[in-house]
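Scroll down for the structure; my scribbles are underneath it.
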Amino acid sequence: MKITGFETFQVPPRWLFLAIHTDEGVTGWGEPVVEGHAETVQTAVESMMEPLIGADPLRIEDHWQRGFRAGFYRGGPILSATAAG
């Protein structure tokens, strides 16, 4: 199974939902949001998802480690919400 794409859905006043699609028709859902900063988290999701296209969605820990720890700046509420979603 491979990740083929993703979509974000911003729902007023403050929610953001993430759908991750696979080549086997499985869609995973998450809620990556920091209240009042949905647009910022949406941009972070787009940035973190691009390298995951084509990856195995079942390697959750690897994806989390890469997204949360691999960058120069680690942690914080935006990256934490993005990784959680």
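If you're wondering about the labels, chains in the structure tokens are A, B, ... by order shown, residues count from 1 in each chain, ligands from 1 in order shown.
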Within 7 Å of Ile3 of chain A, counting only C-alpha atoms, which residues show up once you throw out same-chain ones fewer than 6 positions away? Write them as a VMD selection string, please. chain A and resid 21 to 23 52 to 57
Please, could you write that set of residues out with N, CA, C and O atoms as an mmCIF file, in the first residue's frame?
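The resulting out-v3.cif:
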data_model
loop_
_atom_site.group_PDB
_atom_site.id
_atom_site.type_symbol
_atom_site.label_atom_id
_atom_site.label_comp_id
_atom_site.auth_asym_id
_atom_site.auth_seq_id
_atom_site.Cartn_x
_atom_site.Cartn_y
_atom_site.Cartn_z
ATOM 1 N N HIS A 21 -5.002 9.558 1.276
ATOM 2 C CA HIS A 21 -5.514 8.525 0.377
ATOM 3 C C HIS A 21 -4.402 7.543 0.000
ATOM 4 O O HIS A 21 -3.233 7.928 -0.113
ATOM 5 N N THR A 22 -4.797 6.285 -0.217
ATOM 6 C CA THR A 22 -3.845 5.256 -0.634
ATOM 7 C C THR A 22 -4.255 4.654 -1.971
ATOM 8 O O THR A 22 -5.398 4.825 -2.421
ATOM 9 N N ASP A 23 -3.328 3.915 -2.566
ATOM 10 C CA ASP A 23 -3.596 3.256 -3.845
ATOM 11 C C ASP A 23 -4.544 2.064 -3.705
ATOM 12 O O ASP A 23 -5.019 1.532 -4.697
ATOM 13 N N LEU A 52 5.822 12.334 1.645
ATOM 14 C CA LEU A 52 5.180 11.071 1.985
ATOM 15 C C LEU A 52 4.420 10.447 0.822
ATOM 16 O O LEU A 52 4.016 9.282 0.904
ATOM 17 N N ILE A 53 4.237 11.186 -0.262
ATOM 18 C CA ILE A 53 3.561 10.617 -1.428
ATOM 19 C C ILE A 53 4.427 9.468 -1.953
ATOM 20 O O ILE A 53 5.623 9.624 -2.196
ATOM 21 N N GLY A 54 3.818 8.306 -2.074
ATOM 22 C CA GLY A 54 4.525 7.099 -2.507
ATOM 23 C C GLY A 54 5.051 6.250 -1.364
ATOM 24 O O GLY A 54 5.553 5.152 -1.573
ATOM 25 N N ALA A 55 4.929 6.740 -0.135
ATOM 26 C CA ALA A 55 5.429 6.014 1.032
ATOM 27 C C ALA A 55 4.375 5.039 1.563
ATOM 28 O O ALA A 55 3.184 5.161 1.275
ATOM 29 N N ASP A 56 4.831 4.076 2.358
ATOM 30 C CA ASP A 56 3.954 3.108 3.007
ATOM 31 C C ASP A 56 3.253 3.785 4.185
ATOM 32 O O ASP A 56 3.914 4.222 5.127
ATOM 33 N N PRO A 57 1.918 3.878 4.179
ATOM 34 C CA PRO A 57 1.220 4.575 5.259
ATOM 35 C C PRO A 57 1.279 3.835 6.601
ATOM 36 O O PRO A 57 0.974 4.415 7.631
#
Which polymer residues have any atom within 10 Å of an atom of Glu46 of chain A, counting only C-alpha atoms, with same-chain residues fewer than 6 positions away left out, as a list in words?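 So, after excluding close chain neighbours, the residues are Phe6, Glu7, Thr8 and Thr82 of chain A.
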Could you pull out the strand (DSSP E) residues of chain A from DSSP and send them as a ChimeraX atom specification? /A:3-11,15-22,27-30
Under the rule that only C-alpha atoms are counted, which of A:His63, A:Ile78, A:Trp29, A:Gln10 is the nearest residue to Met49 of chain A?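 Among A:His63, A:Ile78, A:Trp29, A:Gln10, it is A:His63 that comes nearest to Met49 of chain A.
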Do you have the atom CA of Ile60 of chain A-atom CA of Leu79 of chain A distance handy?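 A separation of 15.5 Å between them.
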Just the residues within 12 Å of Gln42 of chain A, please, counting only C-alpha atoms, with nothing from its chain fewer than 5 positions along; format it as a PyMOL selection string. chain A and resi 6-11+14-18+31-37+47-49+78-79+81-83+85
Quick check for you: according to DSSP on this backbone, which residues of chain A are classed as alpha helix (DSSP H)? Reply as a ChimeraX atom specification. /A:38-49,60-69,76-84
